[in-house]
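J.: I have a structure I would like to understand better, so I am pasting it below and will then ask my questions one at a time.
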2 protein chains.
Amino acid sequence: MERLIGQLLTDRTQTDEIARPQHLLAAMRHGTLNGGKRLRPFLVQESASLFGGNAQAAARVGAALECLHSYSLIHDDLPAMDDDDLRRGLPTVHKAFDEATAILAGDSLLTLAFDIIAAPETDIADRAKVQLVLALSRAAGIGGMAGGQALDLAAETKAPDEEGVVLLQSMKTGALLRFACEAGPIMSEAPAEDRQRLRRFGEIIGSAFQIADDVLDVTSDAETMGKATGKDAGRGKATLVARHGLAWAEQRLDQLVQEAIALLQPYGQKAEMLIATARFVANRKN
Amino acid sequence: MERLIGQLLTDRTQTDEIARPQHLLAAMRHGTLNGGKRLRPFLVQESASLFGGNAQAAARVGAALECLHSYSLIHDDLPAMDDDDLRRGLPTVHKAFDEATAILAGDSLLTLAFDIIAAPETDIADRAKVQLVLALSRAAGIGGMAGGQALDLAAETKAPDEEGVVLLQSMKTGALLRFACEAGPIMSEAPAEDRQRLRRFGEIIGSAFQIADDVLDVTSDAETMGKATGKDAGRGKATLVARHGLAWAEQRLDQLVQEAIALLQPYGQKAEMLIATARFVANRKN
């Protein structure tokens, strides 16, 4: 995946036979090739394999999604947003370069995601490509990730109720994970029932991801600061875990894993890796 | 076009049946529904009509392009970029709202452009939609508009040579205008020759647009400041007009209009509005 993403970035600036804004390209590389876990591309590839999807095409769709995910991290880290100096131990893009370049690098990665999906090298039926573009743009736009980030910024001044928190999280982090799992059946033009099933699986992954995150916020905080409420709660972002406690979280994560197993049961052994991923996400320790 | 764009923005947040980040939506509306000339949608609609394209679909593709154009203006106006407080006499989005919201509004408008093209309501063949997504993402990304903006920022510290200026301008402002003219033949899956012809017409529009802009920079400056070099040249951005003079510019604009007329001659009277647009762009006074 690292090599594919790196190659797709460079390809785009070489094959167009026009000058390469090298500084911008370097910033895009800095923001994408940084040792991420590649959870989203992995989900795309595994969900595609359930339906006999072309593995090379799935890798390209996964790389497109990772470009889009990277854009969101670059923009979220900006001073006007979360104002983070470090990501995975390295300077964030606006620190390693500058703010203008970070904004443009994010813009270019978001744009590149659609380029990669539509490109002739991505060997998928045109009808499926259109559905992928539609699902990805809705997962990323005002009704998805970007809208979730806007609600998250608003939550800093006015804390949402429980329903609001669930909605915010399902938009901000859930939408792209849902797309990752839905991409497989979309690519292969699988029946609507399969698409619905993988969509629900993606929602489960998203919920488990968020609850595990909230648990880590509480537990790591409890260890370092000697109290039970975490930094999110301290910033007025009352998480579900902060509201309901760790025992509730453990039970909820277990429920979600069980639901994932039941949901993917029709696919038998082929779904093993996806189920293992659900377990991994629910139990992650960092 | 105003009504269509306004409706497309609102639709997206209503039909998804999820909460609407109203603040973000308001910022998107502020950045798009602001009395722009709508040159790009007009070019899409006129280039589509040459090939008997569905007028409603062309309007939607034009609206998508205008959303993308608006995103670029919102991000270009940011403090880290051109740092502009006013656009068309109104506060820029980051002034009327805040920086974080302006970044997200731009991101969401860029994303929405692809959503609108791929949406089932846009009545175009899937094969053509994929080609539109591909052409638009390449016009907007690192090899197009975003790359041009990166080169433009770099030009503030190191002035490019003449070839560099031409390249920068063809990327920064030319790429979207070229797409606007190419969109018509793409939508209708017209023969490659037609696509090539309209692509060249778009390049002419782009060059004329830029030269007219540079002329205005020189002449408005000459009137107000009593000298012949304009503010672009003063900022180290030596334009072609500053290099070659106003007589050269007038001759070049005339050449471009003549080339446009010759190029569209095969389409007869149907191309009248496009030719009038080329004249208008070459002669514009603001």
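All residue names refer to the structure tokens as shown: chains lettered A, B, ... in order, residues numbered from 1 in each chain, ligands numbered from 1 in order.
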For chain B, which residues have at least one atom within 6 Å of chain A, if we go by only C-alpha atoms? Write them as a list in words, please.
T.: Thr13, Pro21, Ala80, Met81, Glu99, Ala100, Ser108, Thr111, Asp115, Ala118, Asp126, Arg127, Val130, Leu134, Ser137, Gly141, Ile142, Gly143 and Gly147 of chain B
J.: Within 10 Å of Ala180 in chain A, counting only C-alpha atoms, which residues show up once you throw out same-chain ones fewer than 5 positions away? Write them as number ranges by chain, please.
T.: A: 39-48, 61-62, 65-66, 135-136, 139, 174-175, 198-199, 202
J.: Output C-alpha atoms for every residue in that selection, as a tab-separated table (two decimals), in the first residue's frame.
T.:
chain	number	residue	atom	x	y	z
A	39	LEU	CA	-7.10	0.24	8.21
A	40	ARG	CA	-9.36	1.75	5.54
A	41	PRO	CA	-7.54	0.29	2.49
A	42	PHE	CA	-7.42	-3.06	4.29
A	43	LEU	CA	-11.21	-2.97	4.76
A	44	VAL	CA	-11.70	-2.08	1.10
A	45	GLN	CA	-9.51	-4.97	-0.01
A	46	GLU	CA	-11.13	-7.50	2.32
A	47	SER	CA	-14.68	-6.39	1.52
A	48	ALA	CA	-13.82	-6.62	-2.19
A	61	VAL	CA	-9.74	2.21	-4.45
A	62	GLY	CA	-8.14	1.64	-1.04
A	65	LEU	CA	-9.63	6.32	0.27
A	66	GLU	CA	-6.33	6.63	2.15
A	135	ALA	CA	-20.75	7.00	-2.01
A	136	LEU	CA	-17.31	8.46	-1.31
A	139	ALA	CA	-19.19	9.97	3.06
A	174	GLY	CA	-17.93	6.50	10.93
A	175	ALA	CA	-18.71	7.62	7.40
A	198	LEU	CA	-21.40	-4.56	4.52
A	199	ARG	CA	-22.66	-1.07	5.20
A	202	GLY	CA	-18.88	-0.69	8.49
J.: So how far away is CA of Leu274 in chain A from CA of Val241 in chain A, in Å?
T.: 24.8 Å
J.: Between CA of Gly35 in chain A and CA of Lys95 in chain A, what is the spacing in Å?
T.: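 Spanning CA of Lys95 in chain A to CA of Gly35 in chain A is a straight-line distance of 17.7 Å.
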J.: Give me the residues near Leu90 in chain B as number ranges by chain, where near means some atom within 12 Å (using only C-alpha atoms) and where sequence neighbours in that chain fewer than 4 positions away do not count.
T.: B: 30-31, 33-36, 84-86, 94-96
J.: Expressed in Å to a single decimal, how great is the separation between CA of Ser188 in chain A and CA of Gln258 in chain A?
T.: 26.5 Å
J.: DSSP on the backbone, helix (DSSP H, G or I) only: what residues of range 10-92 of chain B does that give? Format it as a ChimeraX atom specification.
T.: /B:10-15,22-32,39-50,55-76
J.: Pick from B:Ala155, B:Ala192, B:Leu176, B:Ala64: nearest to Leu8 in chain B, with only C-alpha atoms counted?
T.: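 Of B:Ala155, B:Ala192, B:Leu176, B:Ala64, the one nearest Leu8 in chain B is B:Ala64, counting only C-alpha atoms.
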